>>> print(open('target.cif').read())   # mmCIF, C-alpha atoms
data_data
#
loop_
_atom_site.label_atom_id
_atom_site.label_comp_id
_atom_site.auth_asym_id
_atom_site.auth_seq_id
_atom_site.Cartn_x
_atom_site.Cartn_y
_atom_site.Cartn_z
CA MET I 25 -20.14 16.44 6.75
CA ALA I 26 -20.14 12.82 7.85
CA ASP I 27 -19.63 11.87 11.46
CA THR I 28 -15.97 11.24 12.08
CA ARG I 29 -13.57 9.72 14.50
CA ARG I 30 -10.55 11.93 15.04
CA THR I 31 -6.85 11.38 14.86
CA GLY I 32 -5.47 14.62 16.25
CA ASP I 33 -6.91 17.38 14.05
CA VAL I 34 -7.47 15.07 11.08
CA PRO I 35 -10.99 13.68 10.56
CA VAL I 36 -10.91 9.98 9.71
CA TYR I 37 -14.04 8.76 7.96
CA PRO I 38 -15.36 5.37 9.07
CA LEU I 39 -15.77 2.73 6.41
CA GLY I 40 -18.79 3.58 4.29
CA ALA I 41 -19.26 7.15 5.57
CA THR I 42 -20.61 9.79 3.22
CA GLY I 43 -17.84 11.99 1.85
CA ALA I 44 -15.10 9.38 2.14
CA SER I 45 -14.31 6.52 -0.14
CA PRO I 46 -12.28 3.59 1.11
CA GLY I 47 -10.01 2.23 -1.54
CA ARG I 48 -7.07 0.14 -2.60
CA LEU I 49 -3.57 0.15 -4.17
CA HIS I 50 -2.02 -1.65 -7.09
CA ALA I 51 -4.85 -4.03 -7.62
CA GLY I 52 -6.32 -2.87 -4.31
CA ARG I 53 -6.19 -0.26 -1.56
CA PRO I 54 -6.72 0.12 2.16
CA ALA I 55 -10.18 0.60 3.55
CA LEU I 56 -9.63 3.61 5.77
CA ILE I 57 -8.72 6.99 4.33
CA ALA I 58 -7.90 10.11 6.33
CA THR I 59 -8.64 13.54 4.91
CA THR I 60 -7.97 17.05 6.05
CA ARG I 61 -9.79 20.22 4.98
CA LEU I 62 -8.10 23.57 4.68
CA GLY I 63 -8.28 25.30 8.04
CA ALA I 64 -6.49 28.58 7.28
CA PRO I 65 -6.42 30.95 4.33
CA ALA I 66 -3.80 30.14 1.76
CA THR I 67 -1.51 32.56 0.01
CA ARG I 68 -0.37 33.03 -3.59
CA ALA I 69 -0.90 30.24 -6.11
CA VAL I 70 2.08 28.43 -7.63
CA VAL I 71 1.59 26.50 -10.86
CA TYR I 72 2.88 22.95 -10.54
CA THR I 73 5.35 22.41 -13.37
CA GLY I 74 5.29 18.63 -13.53
CA GLY I 75 5.20 16.26 -16.46
CA GLY I 76 1.49 16.77 -17.04
CA GLY I 77 2.11 20.01 -18.92
CA ASN I 78 -0.34 21.95 -16.74
CA ARG I 79 -3.00 21.53 -19.39
CA ALA I 80 -6.62 22.39 -18.70
CA VAL I 81 -8.65 19.48 -17.32
CA GLY I 82 -12.27 18.57 -17.76
CA SER I 83 -13.99 15.49 -16.34
CA PRO I 84 -16.79 14.75 -13.88
CA LEU I 85 -14.25 14.25 -11.10
CA ALA I 86 -12.28 17.38 -11.99
CA ASP I 87 -15.53 19.34 -11.98
CA LEU I 88 -16.43 17.92 -8.58
CA ILE I 89 -13.03 18.90 -7.16
CA GLN I 90 -13.33 22.37 -8.67
CA ARG I 91 -16.71 22.85 -7.00
CA GLU I 92 -15.35 21.81 -3.63
CA ILE I 93 -12.49 24.29 -3.97
CA ALA I 94 -14.92 27.02 -5.03
CA GLU I 95 -17.10 26.36 -1.98
CA ARG I 96 -14.42 25.82 0.66
CA GLY I 97 -11.19 27.23 -0.69
CA PRO I 98 -8.03 25.29 -1.56
CA ILE I 99 -8.03 21.73 -0.23
CA THR I 100 -5.20 19.66 1.17
CA PHE I 101 -3.36 17.40 -1.23
CA ALA I 102 -4.53 14.50 0.98
CA ARG I 103 -8.12 15.40 0.14
CA PHE I 104 -7.28 15.78 -3.57
CA MET I 105 -5.52 12.40 -3.58
CA GLU I 106 -8.43 10.76 -1.77
CA LEU I 107 -10.90 12.03 -4.36
CA ALA I 108 -8.63 11.22 -7.31
CA LEU I 109 -8.12 7.62 -6.21
CA TYR I 110 -11.15 6.68 -4.14
CA HIS I 111 -14.18 8.76 -5.09
CA PRO I 112 -17.02 6.17 -5.20
CA GLN I 113 -18.07 6.91 -8.80
CA HIS I 114 -15.02 8.48 -10.42
CA GLY I 115 -11.96 7.49 -8.38
CA TYR I 116 -9.09 5.80 -10.17
CA TYR I 117 -9.29 2.57 -8.17
CA MET I 118 -13.07 2.48 -7.94
CA THR I 119 -13.92 2.32 -11.63
CA SER I 120 -11.97 -0.70 -12.90
CA VAL I 121 -9.24 -3.24 -12.15
CA ARG I 122 -6.01 -1.33 -12.70
CA ALA I 123 -3.13 -3.76 -12.12
CA GLY I 124 -1.75 -6.21 -14.65
CA ARG I 125 -0.09 -6.13 -18.04
CA ALA I 126 -3.21 -4.63 -19.61
CA GLY I 127 -3.48 -2.01 -16.85
CA ASP I 128 -1.31 0.85 -15.69
CA PHE I 129 1.28 -0.99 -13.60
CA LEU I 130 2.57 -4.40 -12.54
CA THR I 131 2.88 -5.43 -8.92
CA ALA I 132 4.93 -8.33 -7.62
CA PRO I 133 2.05 -10.86 -7.72
CA GLU I 134 1.48 -10.13 -11.42
CA THR I 135 5.07 -10.96 -12.36
CA HIS I 136 4.69 -14.68 -11.60
CA PRO I 137 2.83 -16.95 -9.12
CA ILE I 138 6.18 -17.75 -7.48
CA PHE I 139 5.85 -14.53 -5.47
CA GLY I 140 2.57 -15.78 -4.02
CA TRP I 141 4.10 -19.18 -3.31
CA VAL I 142 6.77 -17.55 -1.17
CA ILE I 143 4.12 -15.57 0.71
CA ALA I 144 2.15 -18.81 1.19
CA ARG I 145 5.14 -20.39 2.91
CA GLN I 146 5.23 -17.43 5.29
CA VAL I 147 1.48 -17.79 5.94
CA ALA I 148 2.02 -21.43 6.89
CA GLU I 149 4.95 -20.57 9.13
CA CYS I 150 2.91 -17.87 10.91
CA TRP I 151 0.17 -20.44 11.50
CA ASP I 152 2.72 -22.74 13.14
CA LEU I 153 4.26 -19.93 15.20
CA LEU I 154 0.79 -19.05 16.52
CA ASP I 155 0.24 -22.69 17.60
CA ARG I 156 -2.14 -23.39 14.73
CA PRO I 157 -5.24 -21.41 15.75
CA GLU I 158 -8.56 -22.57 14.34
CA PRO I 159 -9.77 -20.73 12.40
CA PHE I 160 -6.71 -18.95 11.07
CA HIS I 161 -7.68 -15.61 9.51
CA LEU I 162 -5.83 -14.27 6.48
CA VAL I 163 -6.90 -10.62 6.20
CA GLU I 164 -5.72 -9.03 2.95
CA TYR I 165 -5.94 -5.30 2.33
CA GLY I 166 -6.20 -4.36 -1.32
CA PRO I 167 -6.48 -7.82 -2.90
CA GLY I 168 -7.83 -6.39 -6.16
CA SER I 169 -8.82 -9.17 -8.52
CA GLY I 170 -7.11 -11.79 -6.36
CA THR I 171 -3.87 -12.59 -8.17
CA LEU I 172 -1.89 -12.87 -4.93
CA VAL I 173 -4.40 -14.84 -2.89
CA LEU I 174 -5.02 -17.30 -5.73
CA ALA I 175 -1.31 -18.12 -5.81
CA ILE I 176 -1.28 -18.45 -2.00
CA LEU I 177 -4.29 -20.78 -1.93
CA ARG I 178 -2.97 -22.94 -4.77
CA TYR I 179 0.30 -23.44 -2.92
CA LEU I 180 -1.48 -24.24 0.36
CA SER I 181 -3.83 -26.71 -1.35
CA GLN I 182 -0.83 -28.67 -2.62
CA ASN I 183 1.50 -28.33 0.36
CA GLU I 184 -0.50 -27.32 3.47
CA PRO I 185 -3.97 -28.87 3.11
CA HIS I 186 -4.54 -28.94 6.89
CA LEU I 187 -4.06 -25.17 7.06
CA LEU I 188 -6.31 -24.62 4.06
CA GLU I 189 -9.13 -26.45 5.85
CA ARG I 190 -8.83 -24.04 8.77
CA LEU I 191 -8.19 -20.83 6.86
CA ARG I 192 -10.72 -18.02 6.57
CA TYR I 193 -9.93 -15.39 3.97
CA CYS I 194 -11.03 -11.79 4.67
CA PRO I 195 -10.54 -9.49 1.65
CA ILE I 196 -10.75 -5.75 2.37
CA GLU I 197 -11.56 -4.56 -1.16
CA PRO I 198 -14.10 -1.77 -1.57
CA SER I 199 -13.71 -1.39 -5.34
CA ALA I 200 -16.85 -3.04 -6.74
CA PRO I 201 -15.26 -4.14 -10.08
CA ALA I 202 -12.19 -5.57 -8.36
CA ARG I 203 -14.17 -7.33 -5.64
CA ALA I 204 -16.54 -8.86 -8.19
CA GLU I 205 -13.62 -10.23 -10.19
CA LEU I 206 -11.94 -11.48 -7.00
CA LEU I 207 -15.04 -13.42 -5.92
CA ARG I 208 -15.57 -14.77 -9.43
CA ARG I 209 -12.03 -16.11 -9.61
CA LEU I 210 -12.20 -17.63 -6.13
CA GLY I 211 -15.50 -19.28 -7.02
CA THR I 212 -14.09 -20.70 -10.26
CA ALA I 213 -11.14 -22.13 -8.33
CA GLY I 214 -13.46 -23.73 -5.76
CA TRP I 215 -12.48 -21.53 -2.82
CA ALA I 216 -15.52 -19.31 -2.41
CA HIS I 217 -16.33 -21.11 0.85
CA LEU I 218 -13.13 -19.74 2.42
CA VAL I 219 -14.26 -16.11 2.07
CA THR I 220 -15.79 -14.27 4.98
CA ASP I 221 -17.42 -10.90 4.35
CA ALA I 222 -15.71 -9.27 7.32
CA PRO I 223 -13.09 -10.46 9.78
CA PRO I 224 -14.22 -10.91 13.38
CA ALA I 225 -13.61 -8.13 15.87
CA ALA I 226 -10.76 -10.18 17.34
CA ALA I 227 -8.99 -12.31 14.74
CA SER I 228 -5.99 -14.59 15.12
CA GLY I 229 -3.84 -14.84 12.05
CA LEU I 230 -2.02 -12.70 9.51
CA VAL I 231 -2.88 -9.28 8.08
CA LEU I 232 -1.31 -8.81 4.65
CA ALA I 233 -0.77 -5.44 2.96
CA ASN I 234 1.17 -5.79 -0.30
CA GLU I 235 1.76 -2.43 -2.04
CA VAL I 236 -1.05 -0.77 -0.14
CA VAL I 237 0.30 1.87 2.24
CA ASP I 238 1.99 3.83 -0.55
CA ALA I 239 -1.44 4.86 -1.88
CA LEU I 240 -2.84 6.24 1.35
CA PRO I 241 -3.40 10.00 0.93
CA VAL I 242 -0.50 12.20 1.99
CA HIS I 243 -0.09 15.86 2.91
CA ARG I 244 2.51 17.80 0.92
CA VAL I 245 4.75 20.27 2.76
CA ARG I 246 7.62 22.52 1.72
CA GLN I 247 10.27 24.43 3.61
CA GLU I 248 9.84 28.02 2.46
CA GLY I 249 11.36 31.18 3.89
CA GLY I 250 12.65 29.33 6.91
CA GLU I 251 9.28 27.82 7.87
CA LEU I 252 7.26 24.74 7.04
CA ARG I 253 4.35 25.43 4.71
CA GLU I 254 1.68 23.06 3.41
CA LEU I 255 0.99 22.77 -0.31
CA PHE I 256 -2.76 22.87 -0.85
CA VAL I 257 -4.57 22.38 -4.15
CA GLY I 258 -6.35 25.31 -5.77
CA TRP I 259 -7.93 26.08 -9.16
CA ASP I 260 -6.73 29.01 -11.26
CA GLY I 261 -9.55 28.88 -13.80
CA GLN I 262 -7.74 26.49 -16.16
CA ARG I 263 -5.88 23.91 -14.08
CA PHE I 264 -5.19 22.69 -10.58
CA VAL I 265 -2.29 24.47 -8.93
CA ALA I 266 -0.26 24.13 -5.74
CA VAL I 267 -1.09 26.81 -3.16
CA PRO I 268 1.26 27.22 -0.19
CA GLY I 269 -0.30 28.11 3.13
CA PRO I 270 -0.15 27.53 6.90
CA LEU I 271 -0.20 23.91 8.03
CA SER I 272 -3.71 22.45 8.18
CA THR I 273 -2.82 20.59 11.38
CA PRO I 274 0.14 20.78 13.82
CA GLU I 275 0.45 17.01 13.50
CA LEU I 276 2.43 17.52 10.29
CA ALA I 277 5.23 19.42 12.04
CA ASP I 278 4.98 17.15 15.09
CA TRP I 279 5.55 14.03 13.03
CA LEU I 280 8.46 15.49 11.07
CA ALA I 281 10.08 16.44 14.39
CA ARG I 282 9.53 12.91 15.77
CA LEU I 283 11.08 11.46 12.63
CA GLY I 284 14.07 13.78 12.84
CA VAL I 285 13.25 15.24 9.42
CA GLN I 286 14.20 18.88 8.83
CA PRO I 287 13.64 19.79 5.17
CA VAL I 288 16.18 22.14 3.64
CA GLU I 289 15.04 25.40 2.08
CA GLY I 290 12.88 24.68 -0.96
CA GLN I 291 12.60 20.96 -0.27
CA GLU I 292 9.22 19.24 -0.47
CA THR I 293 8.18 16.07 1.32
CA GLU I 294 5.04 14.28 2.44
CA VAL I 295 3.44 13.13 5.69
CA CYS I 296 0.92 10.27 5.63
CA LEU I 297 -1.50 10.92 8.48
CA ALA I 298 -3.94 8.47 6.87
CA MET I 299 -1.55 5.74 7.97
CA LEU I 300 -2.62 6.34 11.58
CA GLY I 301 -6.27 5.57 10.90
CA TRP I 302 -5.37 2.49 8.90
CA LEU I 303 -3.21 1.14 11.73
CA ASP I 304 -6.03 1.85 14.19
CA GLU I 305 -8.24 -0.40 12.09
CA VAL I 306 -5.64 -3.17 11.80
CA ALA I 307 -4.98 -3.12 15.56
CA ARG I 308 -8.71 -3.40 16.28
CA ARG I 309 -9.13 -6.35 13.93
CA LEU I 310 -6.08 -8.33 15.01
CA GLU I 311 -6.25 -9.87 18.47
CA ARG I 312 -3.17 -12.07 18.06
CA GLY I 313 -0.87 -12.55 15.14
CA TYR I 314 1.17 -10.72 12.51
CA LEU I 315 0.97 -7.74 10.17
CA LEU I 316 3.08 -8.12 7.02
CA VAL I 317 3.66 -4.95 4.96
CA LEU I 318 5.43 -5.03 1.59
CA ASP I 319 5.87 -1.71 -0.18
CA TYR I 320 8.31 0.69 -1.71
CA GLY I 321 9.73 3.28 0.64
CA ALA I 322 12.47 3.63 3.22
CA PRO I 323 13.23 4.69 6.78
CA ALA I 324 12.85 8.43 7.40
CA PRO I 325 16.48 9.57 6.90
CA GLU I 326 16.66 7.91 3.48
CA ARG I 327 13.17 8.86 2.39
CA ALA I 328 13.71 12.54 3.28
CA ASP I 329 17.18 12.82 1.73
CA PRO I 330 17.15 16.27 0.04
CA THR I 331 19.64 15.13 -2.60
CA ARG I 332 17.58 12.15 -3.73
CA PHE I 333 14.12 13.61 -3.16
CA PRO I 334 14.23 17.41 -3.38
CA ARG I 335 10.61 17.49 -4.59
CA GLY I 336 9.33 14.63 -2.48
CA THR I 337 8.39 11.12 -3.51
CA ILE I 338 4.95 11.50 -5.11
CA ARG I 339 4.70 9.73 -8.45
CA THR I 340 1.90 9.02 -10.91
CA TYR I 341 1.45 6.03 -13.22
CA ALA I 342 -0.62 5.45 -16.34
CA ALA I 343 -0.15 2.86 -19.09
CA HIS I 344 3.05 1.62 -17.36
CA ALA I 345 4.62 5.08 -17.71
CA ARG I 346 5.62 7.21 -14.74
CA GLY I 347 4.64 10.84 -14.48
CA SER I 348 5.61 13.62 -12.08
CA ASP I 349 2.56 15.89 -12.01
CA PRO I 350 0.20 14.66 -9.29
CA LEU I 351 -2.41 17.33 -10.11
CA ALA I 352 -2.95 16.24 -13.71
CA ASP I 353 -5.95 14.17 -14.82
CA PRO I 354 -7.47 13.30 -11.43
CA GLY I 355 -9.09 9.89 -11.57
CA GLU I 356 -7.17 8.91 -14.70
CA ARG I 357 -3.85 7.84 -13.17
CA ASP I 358 -2.39 6.23 -10.09
CA ILE I 359 -0.88 8.47 -7.41
CA THR I 360 1.60 7.07 -4.89
CA ALA I 361 4.18 8.25 -2.36
CA HIS I 362 7.03 6.30 -0.82
CA VAL I 363 6.19 4.79 2.55
CA ASP I 364 8.01 6.20 5.59
CA PHE I 365 8.84 2.98 7.41
CA THR I 366 10.09 4.85 10.46
CA MET I 367 6.71 6.52 10.87
CA LEU I 368 4.98 3.20 10.20
CA SER I 369 6.98 1.51 12.95
CA LEU I 370 6.48 4.28 15.51
CA ALA I 371 2.74 4.53 14.85
CA ALA I 372 2.29 0.74 14.85
CA ALA I 373 4.07 0.38 18.19
CA GLU I 374 1.77 2.97 19.75
CA ARG I 375 -1.16 0.77 18.75
CA GLY I 376 0.19 -2.46 20.18
CA LEU I 377 1.61 -3.73 16.88
CA VAL I 378 5.19 -4.43 17.89
CA PRO I 379 7.80 -3.89 15.14
CA LEU I 380 9.63 -7.20 14.72
CA ALA I 381 11.73 -6.84 11.58
CA LEU I 382 12.45 -4.71 8.53
CA THR I 383 14.34 -5.94 5.49
CA THR I 384 14.42 -5.56 1.71
CA GLN I 385 12.17 -7.58 -0.54
CA ALA I 386 15.21 -9.25 -2.09
CA GLU I 387 16.47 -10.47 1.31
CA PHE I 388 12.97 -11.45 2.39
CA LEU I 389 12.24 -13.54 -0.71
CA ALA I 390 15.64 -15.20 -0.72
CA GLN I 391 15.49 -16.11 2.98
CA ALA I 392 11.88 -17.28 2.67
CA GLY I 393 12.81 -19.88 0.05
CA LEU I 394 12.47 -18.34 -3.41
CA GLY I 395 15.55 -20.21 -4.59
CA GLU I 396 14.28 -23.52 -3.21
CA LEU I 397 11.01 -23.07 -5.06
CA LEU I 398 12.89 -22.47 -8.31
CA VAL I 399 14.94 -25.63 -7.81
CA ALA I 400 11.78 -27.61 -7.08
CA LEU I 401 10.15 -26.27 -10.25
CA GLN I 402 12.74 -28.05 -12.38
CA ALA I 403 11.46 -31.41 -11.12
CA GLU I 404 7.78 -30.61 -11.70
CA PRO I 405 6.14 -33.08 -14.15
CA GLY I 406 5.55 -31.45 -17.49
CA MET I 407 7.72 -28.42 -16.71
CA THR I 408 9.04 -26.97 -19.97
CA ALA I 409 12.21 -24.99 -20.44
CA ALA I 410 10.15 -21.95 -21.39
CA GLN I 411 8.05 -22.17 -18.23
CA TYR I 412 11.09 -22.56 -16.01
CA LEU I 413 12.95 -19.71 -17.67
CA ALA I 414 9.88 -17.47 -17.25
CA ALA I 415 9.84 -18.26 -13.53
CA ARG I 416 13.56 -17.64 -13.26
CA ALA I 417 13.28 -14.31 -15.08
CA ALA I 418 10.46 -13.27 -12.75
CA ALA I 419 12.56 -14.24 -9.74
CA LEU I 420 15.44 -12.12 -10.95
CA HIS I 421 13.06 -9.20 -11.44
CA LEU I 422 11.73 -9.61 -7.90
CA LEU I 423 15.26 -9.76 -6.48
CA ASP I 424 16.71 -6.90 -8.55
CA PRO I 425 18.25 -4.44 -6.04
CA GLY I 426 17.64 -1.63 -8.54
CA GLY I 427 13.95 -2.45 -8.80
CA MET I 428 11.49 -4.56 -6.84
CA GLY I 429 14.23 -6.10 -4.73
CA ALA I 430 14.71 -2.71 -3.07
CA PHE I 431 11.14 -2.65 -1.77
CA ARG I 432 10.91 -2.92 2.02
CA VAL I 433 9.20 -5.69 3.96
CA ALA I 434 8.14 -5.01 7.55
CA LEU I 435 6.75 -7.44 10.11
CA PHE I 436 4.73 -6.49 13.18
CA GLY I 437 3.30 -8.69 15.90
CA LYS I 438 0.56 -8.54 18.49
CA ALA I 439 0.40 -10.74 21.60
CA ILE I 440 3.20 -13.00 20.35
CA ASP I 441 6.77 -13.91 21.25
CA PRO I 442 8.96 -11.25 19.55
CA ALA I 443 11.50 -13.95 18.73
CA ALA I 444 8.92 -15.99 16.80
CA LEU I 445 9.82 -14.88 13.27
CA PRO I 446 8.95 -16.58 10.00
CA SER I 447 11.90 -17.53 7.79
CA GLY I 448 11.75 -14.43 5.61
CA PHE I 449 13.17 -12.45 8.52
CA ARG I 450 15.79 -14.95 9.71
CA GLN I 451 19.31 -14.71 8.33
CA ARG I 452 20.54 -17.95 6.80
CA LEU I 453 22.86 -19.30 4.15
CA LEU I 454 21.13 -18.69 0.84
CA THR I 455 21.05 -21.61 -1.57
CA GLY I 456 19.54 -21.89 -5.00
CA VAL I 457 19.01 -18.16 -5.40
CA PRO I 458 19.23 -17.36 -9.12
CA LEU I 459 22.02 -15.13 -10.35
CA PRO I 460 22.04 -13.17 -13.60
CA GLU I 461 24.20 -14.63 -16.34
#
>>> encode(input="target.cif", output="structure tokens")
Amino acid sequence: MADTRRTGDVPVYPLGATGASPGRLHAGRPALIATTRLGAPATRAVVYTGGGGNRAVGSPLADLIQREIAERGPITFARFMELALYHPQHGYYMTSVRAGRAGDFLTAPETHPIFGWVIARQVAECWDLLDRPEPFHLVEYGPGSGTLVLAILRYLSQNEPHLLERLRYCPIEPSAPARAELLRRLGTAGWAHLVTDAPPAAASGLVLANEVVDALPVHRVRQEGGELRELFVGWDGQRFVAVPGPLSTPELADWLARLGVQPVEGQETEVCLAMLGWLDEVARRLERGYLLVLDYGAPAPERADPTRFPRGTIRTYAAHARGSDPLADPGERDITAHVDFTMLSLAAAERGLVPLALTTQAEFLAQAGLGELLVALQAEPGMTAAQYLAARAAALHLLDPGGMGAFRVALFGKAIDPAALPSGFRQRLLTGVPLPE
């Protein structure tokens, strides 16, 4: 086993360690993954009856997982999810660029560059709020092929050239295909000189994590017979199955207690201990500045609502279709779980990342000037009706309270004035925000 740092009873593999594979979410994933091995014998197997049909599986990655189970016994779902998404040779995110219309899902940056333009305005405001440090580091976790950062840099080149001259871009993207495409696109655009291989040990600037935390491996637990049990992953000879057993670490129960979550009988939920290692890394890298997290999820009471989520929040995605069986086809589909923003805030605060604000993506984009950008587009030379209507349709999609508009946006700060908030987190009269007809 690789040398590890420890977060409670959960080994956290350093970046590049043997046996762990850092990864990325929708177009990119975080670079620090926590895994837990089974520490106690499990009990009877329970076939997972999700949308995958419980068919037999056969692939190099499935064979690898089967061998690990045969050697060590059932593994935690966190370990299964880590291998399925981030195995260096066969993991879902490590083999190709997955986001985009030709991939398995769309993220906000892929809908239209206007999303990146709004983020660029926030980047510029953070630079001002930090008294314009030089250099200003933009550290992006999970940039994938660079759709978001390209939109950010294009906006800054046209509107904030002084910032662009002082900006250093630090992509945390371990997927070789995605990183190669990212660097190619930045080079083609003339911005390769802005890229630094690794951020300094003490950076001043902004850490950006757009749709990243939801793909950190999670532990699955279920309330069963009046006690909390963990759902491990076993192999019954034909397919992967859920195997209930004693908790692999007391941290799972400890965190649910801290969050005030008490699952009802039969309810399943998840705990993302990998989040702790990721926040450790962010806190080490950021000396002064902001952490901006955009993702789908909710505070603990909403996320653990037994009526809405009786079987937890894990979802799978392939070819823009959602599935419900997280054990099917490892390495062939995305696996995500809703982010617990209460846990994120508590864990961040313990690491010196002060929670500053939490809002919805719709409120954030509207307050940060999405409507103003749409109005300005109408006056752009050469702007066609089709181009403007495409931007407007994308804006409506991003603001839709039944879709992307319901995503959460959280802001954290380190060594800053807590009142120094960029406009996306300041209430104001909204003007120019598009409304559906």
>>> residues_around(input="target.cif", residues="I:His421", least_positions_apart="3", cutoff="12 Å", atoms="all atoms listed in the file", output="ChimeraX atom specification")
/I:130-136,138-139,385-386,389,414-418,424-431,458-460
>>> residues_around(input="target.cif", residues="I:Trp151", least_positions_apart="3", cutoff="8 Å", atoms="only C-alpha atoms", output="number ranges by chain")
I: 147-148, 154-157, 160, 187, 229
>>> axis_aligned_box(input="target.cif", around="stretch 195-200 of chain I", padding_each_side="6 Å", output="lines of an AutoDock Vina configuration file")
center_x = -13.7
center_y = -5.4
center_z = -2.2
size_x = 18.3
size_y = 20.1
size_z = 21.1
>>> residues_near_point(input="target.cif", point="(-8.5, -11.9, 4.2)", cutoff="9 Å", atoms="only C-alpha atoms", output="list in words")
His161, Leu162, Val163, Glu164, Tyr165, Pro167, Val173, Arg192, Tyr193, Cys194, Pro195, Ile196, Val219, Thr220, Asp221, Ala222, Pro223, Leu230, Val231 and Leu232 of chain I
>>> write_last_selection(input="target.cif", atoms="C-alpha atoms", output="compact mmCIF listing (two decimals), in the frame of the given file")
# COMPACT_ATOMS: atom_id res chain seq x y z
CA HIS I 161 -7.68 -15.61 9.51
CA LEU I 162 -5.83 -14.27 6.48
CA VAL I 163 -6.90 -10.62 6.20
CA GLU I 164 -5.72 -9.03 2.95
CA TYR I 165 -5.94 -5.30 2.33
CA PRO I 167 -6.48 -7.82 -2.90
CA VAL I 173 -4.40 -14.84 -2.89
CA ARG I 192 -10.72 -18.02 6.57
CA TYR I 193 -9.93 -15.39 3.97
CA CYS I 194 -11.03 -11.79 4.67
CA PRO I 195 -10.54 -9.49 1.65
CA ILE I 196 -10.75 -5.75 2.37
CA VAL I 219 -14.26 -16.11 2.07
CA THR I 220 -15.79 -14.27 4.98
CA ASP I 221 -17.42 -10.90 4.35
CA ALA I 222 -15.71 -9.27 7.32
CA PRO I 223 -13.09 -10.46 9.78
CA LEU I 230 -2.02 -12.70 9.51
CA VAL I 231 -2.88 -9.28 8.08
CA LEU I 232 -1.31 -8.81 4.65
>>> resolve_selection(input="target.cif", expression="the PyMOL selection byres ((chain I and resi 314) around 8)", output="PyMOL selection string")
chain I and resi 150+229-231+312-313+315-316+435-438
>>> atom_distance(input="target.cif", atom1="atom CA of I:His186", atom2="atom CA of I:Leu153")
15.1 Å
>>> residues_around(input="target.cif", residues="stretch 393-396 of chain I", least_positions_apart="4", cutoff="12 Å", atoms="only C-alpha atoms", output="ChimeraX atom specification")
/I:136-146,385-389,400-403,415-416,418-420,422-423,446-459
>>> decode(input="target.cif", residues="stretch 220-229 of chain I", atoms="N, CA, C and O atoms", output="mmCIF file, in the first residue's frame")
data_model
loop_
_atom_site.group_PDB
_atom_site.id
_atom_site.type_symbol
_atom_site.label_atom_id
_atom_site.label_comp_id
_atom_site.auth_asym_id
_atom_site.auth_seq_id
_atom_site.Cartn_x
_atom_site.Cartn_y
_atom_site.Cartn_z
ATOM 1 N N THR I 220 0.982 27.905 -15.308
ATOM 2 C CA THR I 220 2.052 27.428 -14.442
ATOM 3 C C THR I 220 1.756 25.982 -14.076
ATOM 4 O O THR I 220 0.596 25.631 -13.833
ATOM 5 N N ASP I 221 2.769 25.148 -14.074
ATOM 6 C CA ASP I 221 2.549 23.717 -13.849
ATOM 7 C C ASP I 221 1.926 23.431 -12.492
ATOM 8 O O ASP I 221 1.111 22.534 -12.341
ATOM 9 N N ALA I 222 2.321 24.187 -11.489
ATOM 10 C CA ALA I 222 1.784 23.976 -10.143
ATOM 11 C C ALA I 222 1.740 25.303 -9.423
ATOM 12 O O ALA I 222 2.655 26.127 -9.561
ATOM 13 N N PRO I 223 0.679 25.567 -8.671
ATOM 14 C CA PRO I 223 0.616 26.822 -7.927
ATOM 15 C C PRO I 223 1.677 26.837 -6.844
ATOM 16 O O PRO I 223 2.129 25.784 -6.378
ATOM 17 N N PRO I 224 2.123 28.022 -6.426
ATOM 18 C CA PRO I 224 3.096 28.087 -5.344
ATOM 19 C C PRO I 224 2.511 27.572 -4.046
ATOM 20 O O PRO I 224 1.288 27.415 -3.914
ATOM 21 N N ALA I 225 3.371 27.316 -3.086
ATOM 22 C CA ALA I 225 2.899 26.795 -1.796
ATOM 23 C C ALA I 225 1.990 27.790 -1.104
ATOM 24 O O ALA I 225 1.145 27.408 -0.300
ATOM 25 N N ALA I 226 2.143 29.073 -1.397
ATOM 26 C CA ALA I 226 1.331 30.107 -0.759
ATOM 27 C C ALA I 226 0.874 31.098 -1.823
ATOM 28 O O ALA I 226 1.563 32.070 -2.123
ATOM 29 N N ALA I 227 -0.273 30.829 -2.419
ATOM 30 C CA ALA I 227 -0.784 31.647 -3.510
ATOM 31 C C ALA I 227 -1.773 32.690 -3.004
ATOM 32 O O ALA I 227 -2.495 32.470 -2.028
ATOM 33 N N SER I 228 -1.814 33.825 -3.695
ATOM 34 C CA SER I 228 -2.852 34.832 -3.476
ATOM 35 C C SER I 228 -3.726 34.853 -4.716
ATOM 36 O O SER I 228 -3.207 34.974 -5.832
ATOM 37 N N GLY I 229 -5.017 34.711 -4.522
ATOM 38 C CA GLY I 229 -5.897 34.720 -5.674
ATOM 39 C C GLY I 229 -7.199 34.008 -5.426
ATOM 40 O O GLY I 229 -7.772 34.086 -4.336
#
